[in-house]
$ cat data11.cif   # mmCIF, C-alpha atoms and all ligand atoms
data_upload
loop_
_atom_site.label_atom_id
_atom_site.label_comp_id
_atom_site.auth_asym_id
_atom_site.auth_seq_id
_atom_site.Cartn_x
_atom_site.Cartn_y
_atom_site.Cartn_z
CA MET G 43 -149.63 -52.00 179.21
CA ALA G 44 -147.00 -54.78 179.33
CA LEU G 45 -147.64 -58.15 177.72
CA VAL G 46 -149.94 -60.32 179.81
CA SER G 47 -149.85 -64.10 180.18
CA VAL G 48 -152.29 -66.30 178.30
CA ALA G 49 -153.12 -68.06 181.58
CA ALA G 50 -154.47 -64.82 183.05
CA LEU G 51 -156.61 -64.15 179.98
CA LEU G 52 -157.99 -67.69 179.94
CA ARG G 53 -158.81 -67.68 183.66
CA GLU G 54 -161.10 -64.73 183.06
CA ALA G 55 -162.56 -66.37 179.92
CA GLU G 56 -163.23 -69.53 181.92
CA ARG G 57 -165.07 -67.57 184.56
CA GLU G 58 -167.23 -65.74 182.03
CA GLY G 59 -167.67 -68.53 179.46
CA TYR G 60 -166.12 -67.05 176.32
CA ALA G 61 -162.93 -67.71 174.29
CA VAL G 62 -159.97 -65.48 173.50
CA GLY G 63 -158.85 -65.33 169.87
CA ALA G 64 -155.24 -66.24 169.16
CA PHE G 65 -154.21 -64.72 165.85
CA ASN G 66 -151.00 -65.51 163.98
CA THR G 67 -148.78 -62.69 162.84
CA ASN G 68 -145.94 -62.66 160.31
CA ASN G 69 -145.35 -58.96 159.79
CA MET G 70 -146.01 -55.43 161.04
CA GLU G 71 -149.33 -54.98 159.25
CA ILE G 72 -150.87 -58.13 160.71
CA ALA G 73 -149.55 -57.33 164.20
CA GLN G 74 -151.14 -53.88 163.97
CA ALA G 75 -154.38 -55.34 162.65
CA ILE G 76 -154.63 -57.80 165.57
CA VAL G 77 -154.30 -55.04 168.17
CA GLU G 78 -156.50 -52.55 166.32
CA ALA G 79 -159.25 -55.14 165.98
CA ALA G 80 -159.05 -56.06 169.67
CA GLU G 81 -159.18 -52.40 170.68
CA ALA G 82 -162.16 -51.73 168.44
CA GLU G 83 -163.97 -54.69 170.05
CA ARG G 84 -162.77 -53.92 173.59
CA SER G 85 -161.48 -57.49 173.77
CA PRO G 86 -158.39 -59.18 175.21
CA VAL G 87 -156.24 -60.73 172.48
CA ILE G 88 -153.45 -63.23 171.92
CA MET G 89 -150.91 -62.46 169.23
CA GLN G 90 -149.02 -65.57 168.26
CA ALA G 91 -146.03 -66.43 166.14
CA SER G 92 -145.20 -69.82 164.68
CA GLN G 93 -141.69 -71.12 164.12
CA GLY G 94 -142.20 -70.26 160.45
CA ALA G 95 -143.05 -66.65 161.30
CA ILE G 96 -140.00 -66.39 163.54
CA THR G 97 -137.79 -67.75 160.75
CA TYR G 98 -139.34 -65.28 158.30
CA ALA G 99 -139.38 -62.07 160.35
CA GLY G 100 -136.70 -62.79 162.95
CA LEU G 101 -137.31 -63.37 166.65
CA GLU G 102 -136.30 -59.82 167.63
CA TYR G 103 -138.65 -58.23 165.09
CA ILE G 104 -141.63 -60.36 166.14
CA THR G 105 -141.01 -59.72 169.84
CA SER G 106 -140.47 -55.99 169.31
CA LEU G 107 -143.64 -55.65 167.20
CA ALA G 108 -145.69 -57.30 169.95
CA MET G 109 -144.04 -55.26 172.71
CA VAL G 110 -144.75 -51.98 170.92
CA ALA G 111 -148.29 -53.07 170.12
CA ALA G 112 -148.95 -54.10 173.73
CA SER G 113 -147.39 -50.97 175.22
CA LYS G 114 -149.75 -48.77 173.23
CA ALA G 115 -152.81 -51.02 173.45
CA LYS G 116 -155.84 -50.16 175.56
CA VAL G 117 -156.66 -53.86 175.91
CA PRO G 118 -154.55 -56.74 177.31
CA VAL G 119 -152.26 -58.39 174.73
CA ALA G 120 -150.36 -61.67 175.13
CA LEU G 121 -147.50 -62.87 172.92
CA HIS G 122 -147.56 -66.62 172.43
CA LEU G 123 -145.29 -69.09 170.61
CA ASP G 124 -147.46 -71.31 168.40
CA HIS G 125 -146.32 -74.97 168.04
CA GLY G 126 -142.84 -74.77 169.53
CA THR G 127 -141.36 -78.17 168.80
CA SER G 128 -137.79 -77.49 169.89
CA PHE G 129 -136.93 -77.03 173.55
CA ALA G 130 -134.12 -74.61 172.61
CA GLN G 131 -136.52 -72.43 170.62
CA VAL G 132 -139.05 -72.38 173.44
CA VAL G 133 -136.35 -71.18 175.84
CA GLN G 134 -135.19 -68.56 173.31
CA CYS G 135 -138.72 -67.19 172.99
CA ILE G 136 -139.14 -67.02 176.77
CA ARG G 137 -135.83 -65.18 177.07
CA SER G 138 -136.76 -62.71 174.35
CA GLY G 139 -140.00 -61.77 176.16
CA PHE G 140 -142.85 -64.04 175.02
CA SER G 141 -145.51 -64.12 177.74
CA SER G 142 -146.68 -67.61 176.76
CA VAL G 143 -145.40 -70.63 174.84
CA MET G 144 -146.84 -73.76 173.33
CA TYR G 145 -144.65 -76.80 173.63
CA ASP G 146 -145.90 -79.20 170.99
CA GLY G 147 -144.76 -82.69 171.94
CA SER G 148 -147.67 -84.36 170.13
CA LYS G 149 -145.29 -86.38 167.97
CA LEU G 150 -143.65 -87.88 171.06
CA SER G 151 -144.91 -90.75 173.19
CA LEU G 152 -147.17 -89.73 176.09
CA LYS G 153 -144.33 -90.33 178.55
CA GLU G 154 -141.83 -88.24 176.56
CA ASN G 155 -144.41 -85.49 175.97
CA ILE G 156 -145.01 -85.26 179.74
CA ALA G 157 -141.27 -85.21 180.48
CA MET G 158 -140.52 -82.46 177.93
CA THR G 159 -143.53 -80.38 178.97
CA LEU G 160 -142.35 -80.56 182.60
CA LYS G 161 -138.93 -79.31 181.48
CA VAL G 162 -140.56 -76.32 179.76
CA LEU G 163 -142.75 -75.63 182.80
CA GLU G 164 -139.72 -75.64 185.07
CA ILE G 165 -138.35 -72.66 183.14
CA ALA G 166 -141.61 -70.88 182.37
CA ARG G 167 -143.49 -71.10 185.69
CA PRO G 168 -141.13 -69.18 187.97
CA ILE G 169 -141.26 -66.14 185.67
CA GLY G 170 -145.01 -66.20 184.99
CA VAL G 171 -144.89 -67.43 181.39
CA SER G 172 -147.83 -69.70 180.59
CA VAL G 173 -147.55 -73.05 178.83
CA GLU G 174 -149.87 -74.75 176.34
CA ALA G 175 -149.33 -78.38 175.37
CA GLU G 176 -150.87 -80.63 172.71
CA LEU G 177 -152.25 -84.11 173.04
CA GLY G 178 -153.50 -86.11 170.09
CA LYS G 179 -152.45 -85.02 166.60
CA ILE G 180 -154.23 -82.07 164.96
CA GLY G 181 -152.40 -82.29 161.63
CA GLY G 182 -153.14 -80.47 158.37
CA THR G 183 -156.07 -80.41 155.93
CA GLU G 184 -153.55 -81.44 153.26
CA ASP G 185 -152.62 -84.64 155.10
CA ASP G 186 -153.68 -87.48 152.86
CA ILE G 187 -155.55 -89.55 155.46
CA THR G 188 -159.02 -91.04 155.72
CA VAL G 189 -161.64 -89.98 158.29
CA ASP G 190 -160.98 -93.17 160.29
CA GLU G 191 -157.26 -92.52 160.29
CA ARG G 192 -157.82 -88.96 161.48
CA GLU G 193 -160.14 -90.12 164.27
CA ALA G 194 -157.43 -92.49 165.47
CA LEU G 195 -155.32 -89.38 166.12
CA PHE G 196 -157.98 -87.65 168.26
CA THR G 197 -157.14 -86.83 171.89
CA ASP G 198 -157.89 -89.63 174.34
CA PRO G 199 -159.81 -88.16 177.33
CA ASP G 200 -158.14 -90.43 179.90
CA GLU G 201 -154.71 -89.58 178.56
CA ALA G 202 -155.64 -85.90 178.74
CA GLU G 203 -156.63 -86.29 182.40
CA LEU G 204 -153.33 -88.01 183.18
CA PHE G 205 -151.32 -85.46 181.19
CA VAL G 206 -152.87 -82.48 182.95
CA ARG G 207 -152.55 -84.08 186.39
CA GLU G 208 -148.87 -84.93 185.84
CA THR G 209 -147.85 -81.61 184.30
CA GLY G 210 -150.16 -78.88 185.62
CA ILE G 211 -150.12 -77.03 182.27
CA ASP G 212 -152.18 -73.86 181.78
CA CYS G 213 -154.11 -74.95 178.70
CA LEU G 214 -154.35 -77.97 176.41
CA ALA G 215 -154.69 -78.16 172.62
CA ILE G 216 -156.75 -81.14 171.57
CA ALA G 217 -157.57 -83.00 168.36
CA ILE G 218 -161.35 -83.33 167.89
CA GLY G 219 -161.70 -83.01 164.12
CA THR G 220 -160.13 -79.69 163.16
CA ALA G 221 -157.04 -79.38 160.97
CA HIS G 222 -154.57 -76.68 159.93
CA GLY G 223 -155.11 -75.03 156.53
CA GLN G 224 -158.02 -74.67 154.10
CA TYR G 225 -160.75 -77.33 154.46
CA LYS G 226 -162.05 -79.16 151.41
CA GLY G 227 -165.38 -80.02 153.05
CA GLU G 228 -167.00 -78.92 156.31
CA PRO G 229 -165.11 -80.23 159.36
CA LYS G 230 -167.12 -82.26 161.87
CA LEU G 231 -166.14 -81.76 165.49
CA ASP G 232 -166.36 -84.50 168.12
CA PHE G 233 -168.25 -82.53 170.80
CA GLU G 234 -168.76 -85.59 173.03
CA ARG G 235 -165.01 -86.03 173.24
CA LEU G 236 -164.53 -82.35 174.07
CA LYS G 237 -167.15 -82.60 176.82
CA LYS G 238 -165.36 -85.61 178.34
CA ILE G 239 -161.94 -83.98 178.15
CA LYS G 240 -163.23 -80.81 179.77
CA ALA G 241 -164.93 -82.72 182.60
CA LEU G 242 -161.78 -84.73 183.31
CA THR G 243 -159.17 -81.97 183.00
CA LYS G 244 -161.11 -78.89 184.14
CA ILE G 245 -158.63 -76.56 182.43
CA PRO G 246 -158.96 -74.16 179.46
CA ILE G 247 -158.99 -76.12 176.20
CA VAL G 248 -157.54 -74.80 172.93
CA LEU G 249 -159.00 -75.25 169.44
CA HIS G 250 -156.45 -75.21 166.59
CA GLY G 251 -157.25 -75.14 162.88
CA SER G 252 -160.36 -73.06 163.55
CA SER G 253 -160.40 -71.10 160.26
CA GLY G 254 -163.14 -72.59 158.11
CA VAL G 255 -165.01 -74.16 161.04
CA PRO G 256 -168.60 -72.78 160.88
CA ASP G 257 -169.30 -70.08 163.50
CA GLU G 258 -172.05 -72.15 165.16
CA ALA G 259 -169.67 -75.09 165.64
CA VAL G 260 -167.02 -72.83 167.15
CA GLN G 261 -169.62 -71.36 169.50
CA GLU G 262 -170.80 -74.81 170.55
CA ALA G 263 -167.17 -75.76 171.26
CA ILE G 264 -166.82 -72.62 173.38
CA ARG G 265 -169.97 -73.55 175.27
CA LEU G 266 -168.32 -76.90 176.04
CA GLY G 267 -165.07 -75.43 177.33
CA ILE G 268 -162.85 -74.11 174.52
CA ARG G 269 -161.19 -70.93 175.82
CA LYS G 270 -158.56 -70.16 173.16
CA VAL G 271 -159.34 -70.29 169.45
CA ASN G 272 -156.44 -70.19 166.98
CA ILE G 273 -156.88 -68.39 163.66
CA ASP G 274 -154.17 -68.29 161.01
CA THR G 275 -155.53 -69.40 157.62
CA ASN G 276 -158.41 -66.85 157.62
CA ILE G 277 -155.87 -64.06 158.13
CA ARG G 278 -153.63 -65.31 155.31
CA GLU G 279 -156.58 -65.61 152.93
CA THR G 280 -157.89 -62.14 153.74
CA PHE G 281 -154.52 -60.41 153.69
CA VAL G 282 -153.42 -61.87 150.35
CA TRP G 283 -156.87 -61.45 148.77
CA ALA G 284 -156.89 -57.75 149.67
CA MET G 285 -153.35 -57.26 148.34
CA ARG G 286 -154.35 -58.95 145.09
CA GLN G 287 -157.43 -56.72 144.79
CA ALA G 288 -155.31 -53.60 145.29
CA MET G 289 -152.79 -54.71 142.69
CA GLU G 290 -155.44 -55.66 140.16
CA LYS G 291 -157.17 -52.30 140.63
CA ASN G 292 -153.94 -50.38 140.11
CA PRO G 293 -151.50 -52.58 138.16
CA ASN G 294 -148.99 -49.72 137.90
CA GLU G 295 -148.92 -48.99 141.64
CA ILE G 296 -145.33 -49.02 142.96
CA ASP G 297 -146.00 -47.86 146.54
CA PRO G 298 -146.07 -50.92 148.85
CA ARG G 299 -148.13 -48.93 151.36
CA LYS G 300 -150.97 -48.68 148.85
CA ILE G 301 -151.04 -52.49 148.63
CA LEU G 302 -150.30 -53.45 152.24
CA GLY G 303 -152.51 -50.72 153.72
CA PRO G 304 -155.78 -52.11 152.28
CA ALA G 305 -154.67 -55.62 153.32
CA ARG G 306 -154.21 -54.41 156.90
CA LYS G 307 -157.66 -52.80 156.82
CA GLU G 308 -159.40 -55.99 155.64
CA THR G 309 -157.48 -58.04 158.20
CA ILE G 310 -158.84 -55.83 161.00
CA GLU G 311 -162.36 -56.62 159.76
CA ILE G 312 -161.95 -60.40 159.69
CA ILE G 313 -160.38 -60.40 163.16
CA ARG G 314 -163.21 -58.24 164.55
CA GLN G 315 -165.74 -60.72 163.16
CA LYS G 316 -163.93 -63.62 164.83
CA ILE G 317 -163.72 -61.80 168.17
CA ARG G 318 -167.47 -61.29 168.09
CA VAL G 319 -168.05 -64.99 167.34
CA PHE G 320 -165.80 -65.97 170.26
CA GLY G 321 -167.84 -63.80 172.67
CA SER G 322 -164.87 -61.78 173.96
CA SER G 323 -166.18 -58.52 172.53
CA GLY G 324 -166.85 -55.80 175.13
CA ARG G 325 -165.11 -57.69 177.96
CA ILE G 326 -162.63 -54.86 178.61
CA LYS G 327 -164.32 -51.79 180.01
ZN ZN G 401 -152.07 -75.26 165.53
#
$ encode --input "data11.cif" --output "structure tokens"
Amino acid sequence: MALVSVAALLREAEREGYAVGAFNTNNMEIAQAIVEAAEAERSPVIMQASQGAITYAGLEYITSLAMVAASKAKVPVALHLDHGTSFAQVVQCIRSGFSSVMYDGSKLSLKENIAMTLKVLEIARPIGVSVEAELGKIGGTEDDITVDEREALFTDPDEAELFVRETGIDCLAIAIGTAHGQYKGEPKLDFERLKKIKALTKIPIVLHGSSGVPDEAVQEAIRLGIRKVNIDTNIRETFVWAMRQAMEKNPNEIDPRKILGPARKETIEIIRQKIRVFGSSGRIK
């Protein structure tokens, strides 16, 4: 199977009321784990790479890993650029074969964000590549800001309506209380805001910083219109924890496969759990 677009996966999720997991990869083992988990759950899946992952592994390696994974997979796989902030990089990813890109203009003014997103769409649309945009500022758990300051960065529903109407993007990442990284306390999501945004935009909504959000809260968000859930931190934690376990158990081990293999195995398990929470399990017959 060739790579599929995120838009196609989310259209189906919208119709059936579930969310598709978008899992970040940095290397071969994680890429394999994402596809193996999706196959085991009979679920569509989005493999995504951040700019950091592309810098680390190289654009060609990331694209090739996803292509090989998708070509062998028995379930649909999309390859998505996570938080592309440079127009040149977005274009490069599209040219190298990504089936979907996120253009993150959340640091720009609304007007500039719309203008840049339209530029990306002009290139992506004709060749069937889907586009995600971000409105509001999701930020990191490490950001030293108060609750009030974070709320001031939440997505404004009216701006979201305007943004979607002006651009026609495929899906929108919003800020409703989640953050990237490991949470110190339990995050509180602004469900009312999500409900409003969904009613005004009527498109698939994306939840970032979802690792560490309690399952019930994620499921409530899905009930209210989230169709793509991003998971990165949970994968990092699991992968590194399993490597550490393997090394502690056998401190003299010199075969990387004996350390990375168990990490891949544990990563499959955490991704399977997430897929079940998102309700996309068993959707591919
Ligand atoms: Zn994100």
$ closest_atom_pairs --input "data11.cif" --of "chain G" --to "ligand ZN 401 (chain G)" --cutoff "12 Å" --atoms "all atoms listed in the file" --output "Markdown table"
| residue | atom | partner | partner_atom | distance |
| --- | --- | --- | --- | --- |
| G:Ala64 | CA | G:ZN401 | ZN | 10.2 |
| G:Phe65 | CA | G:ZN401 | ZN | 10.8 |
| G:Asn66 | CA | G:ZN401 | ZN | 9.9 |
| G:Gln90 | CA | G:ZN401 | ZN | 10.5 |
| G:Ala91 | CA | G:ZN401 | ZN | 10.7 |
| G:Ser92 | CA | G:ZN401 | ZN | 8.8 |
| G:Gln93 | CA | G:ZN401 | ZN | 11.3 |
| G:His122 | CA | G:ZN401 | ZN | 11.9 |
| G:Leu123 | CA | G:ZN401 | ZN | 10.5 |
| G:Asp124 | CA | G:ZN401 | ZN | 6.7 |
| G:His125 | CA | G:ZN401 | ZN | 6.3 |
| G:Gly126 | CA | G:ZN401 | ZN | 10.1 |
| G:Thr127 | CA | G:ZN401 | ZN | 11.6 |
| G:Met144 | CA | G:ZN401 | ZN | 9.5 |
| G:Tyr145 | CA | G:ZN401 | ZN | 11.1 |
| G:Asp146 | CA | G:ZN401 | ZN | 9.1 |
| G:Ser148 | CA | G:ZN401 | ZN | 11.1 |
| G:Glu174 | CA | G:ZN401 | ZN | 11.0 |
| G:Ala175 | CA | G:ZN401 | ZN | 10.7 |
| G:Glu176 | CA | G:ZN401 | ZN | 9.0 |
| G:Leu177 | CA | G:ZN401 | ZN | 11.6 |
| G:Gly178 | CA | G:ZN401 | ZN | 11.9 |
| G:Lys179 | CA | G:ZN401 | ZN | 9.8 |
| G:Ile180 | CA | G:ZN401 | ZN | 7.2 |
| G:Gly181 | CA | G:ZN401 | ZN | 8.0 |
| G:Gly182 | CA | G:ZN401 | ZN | 8.9 |
| G:Thr183 | CA | G:ZN401 | ZN | 11.6 |
| G:Leu214 | CA | G:ZN401 | ZN | 11.4 |
| G:Ala215 | CA | G:ZN401 | ZN | 8.1 |
| G:Ile216 | CA | G:ZN401 | ZN | 9.6 |
| G:Ala217 | CA | G:ZN401 | ZN | 9.9 |
| G:Thr220 | CA | G:ZN401 | ZN | 9.5 |
| G:Ala221 | CA | G:ZN401 | ZN | 7.9 |
| G:His222 | CA | G:ZN401 | ZN | 6.3 |
| G:Gly223 | CA | G:ZN401 | ZN | 9.5 |
| G:Val248 | CA | G:ZN401 | ZN | 9.2 |
| G:Leu249 | CA | G:ZN401 | ZN | 8.0 |
| G:His250 | CA | G:ZN401 | ZN | 4.5 |
| G:Gly251 | CA | G:ZN401 | ZN | 5.8 |
| G:Ser252 | CA | G:ZN401 | ZN | 8.8 |
| G:Ser253 | CA | G:ZN401 | ZN | 10.7 |
| G:Lys270 | CA | G:ZN401 | ZN | 11.2 |
| G:Val271 | CA | G:ZN401 | ZN | 9.6 |
| G:Asn272 | CA | G:ZN401 | ZN | 6.8 |
| G:Ile273 | CA | G:ZN401 | ZN | 8.6 |
| G:Asp274 | CA | G:ZN401 | ZN | 8.6 |
| G:Thr275 | CA | G:ZN401 | ZN | 10.4 |
$ residues_around --input "data11.cif" --residues "G:Gly100" --least-positions-apart "6" --cutoff "12 Å" --atoms "all atoms listed in the file" --output "PDB file with C-alpha atoms, in the coordinates of the input"
ATOM      1  CA  ASN G  68    -145.940 -62.660 160.310  1.00  0.00           C
ATOM      2  CA  ASN G  69    -145.350 -58.960 159.790  1.00  0.00           C
ATOM      3  CA  ALA G  91    -146.030 -66.430 166.140  1.00  0.00           C
ATOM      4  CA  SER G  92    -145.200 -69.820 164.680  1.00  0.00           C
ATOM      5  CA  GLN G  93    -141.690 -71.120 164.120  1.00  0.00           C
ATOM      6  CA  GLY G  94    -142.200 -70.260 160.450  1.00  0.00           C
ATOM      7  CA  SER G 106    -140.470 -55.990 169.310  1.00  0.00           C
ATOM      8  CA  LEU G 107    -143.640 -55.650 167.200  1.00  0.00           C
ATOM      9  CA  GLN G 134    -135.190 -68.560 173.310  1.00  0.00           C
ATOM     10  CA  CYS G 135    -138.720 -67.190 172.990  1.00  0.00           C
ATOM     11  CA  SER G 138    -136.760 -62.710 174.350  1.00  0.00           C
TER      12      SER G 138
END
$ residues_near_point --input "data11.cif" --point "(-139.6, -77.0, 182.9)" --cutoff "12 Å" --atoms "all atoms listed in the file" --output "VMD selection string"
chain G and resid 129 to 130 132 to 133 136 143 145 155 to 169 171 to 173 209 to 211
$ closest_residue --input "data11.cif" --among "G:Ile239, G:Ala75, G:Ile264, G:Val62" --to "G:Ala49" --atoms "all atoms listed in the file"
G:Val62
$ closest_residue --input "data11.cif" --among "G:Cys213, G:Leu150, G:Ile104, G:Ile218" --to "G:Val48" --atoms "only C-alpha atoms"
G:Cys213
$ closest_residue --input "data11.cif" --among "G:Ile268, G:Val117, G:Ala55, G:Ile296" --to "G:Ala82" --atoms "all atoms listed in the file"
G:Val117
$ residues_near_point --input "data11.cif" --point "(-149.1, -51.5, 158.4)" --cutoff "8 Å" --atoms "only C-alpha atoms" --output "MDAnalysis selection string"
chainID G and resid 70:72 74:75 299 302:303 306
$ residues_around --input "data11.cif" --residues "G:Leu52" --least-positions-apart "5" --cutoff "9 Å" --atoms "all atoms listed in the file" --output "ChimeraX atom specification"
/G:47,57,60-62,212-213,246,269-270
$ atom_distance --input "data11.cif" --atom1 "atom CA of G:Leu266" --atom2 "atom CA of G:Phe320"
12.6 Å
$ atom_distance --input "data11.cif" --atom1 "atom CA of G:Ile301" --atom2 "atom CA of G:Met109"
25.2 Å
$ residues_around --input "data11.cif" --residues "G:Asp257" --least-positions-apart "5" --cutoff "12 Å" --atoms "all atoms listed in the file" --output "NGL selection string"
:G and (228-229 or 252 or 262-264 or 271 or 315-321)
$ write_last_selection --input "data11.cif" --atoms "C-alpha atoms" --output "JSON list (two decimals), keeping the file's coordinate frame"
[["chain", "number", "residue", "atom", "x", "y", "z"],
["G", 228, "GLU", "CA", -167.00, -78.92, 156.31],
["G", 229, "PRO", "CA", -165.11, -80.23, 159.36],
["G", 252, "SER", "CA", -160.36, -73.06, 163.55],
["G", 262, "GLU", "CA", -170.80, -74.81, 170.55],
["G", 263, "ALA", "CA", -167.17, -75.76, 171.26],
["G", 264, "ILE", "CA", -166.82, -72.62, 173.38],
["G", 271, "VAL", "CA", -159.34, -70.29, 169.45],
["G", 315, "GLN", "CA", -165.74, -60.72, 163.16],
["G", 316, "LYS", "CA", -163.93, -63.62, 164.83],
["G", 317, "ILE", "CA", -163.72, -61.80, 168.17],
["G", 318, "ARG", "CA", -167.47, -61.29, 168.09],
["G", 319, "VAL", "CA", -168.05, -64.99, 167.34],
["G", 320, "PHE", "CA", -165.80, -65.97, 170.26],
["G", 321, "GLY", "CA", -167.84, -63.80, 172.67]]
$ residues_around --input "data11.cif" --residues "G:Val110" --least-positions-apart "5" --cutoff "10 Å" --atoms "all atoms listed in the file" --output "PyMOL selection string"
chain G and resi 43-45+73-74+105+115
$ atom_distance --input "data11.cif" --atom1 "atom CA of G:Leu236" --atom2 "atom CA of G:Gly147"
19.9 Å
$ closest_residue --input "data11.cif" --among "G:Ile96, G:Leu121, G:Met89, G:Ala112" --to "G:Phe140" --atoms "all atoms listed in the file"
G:Leu121
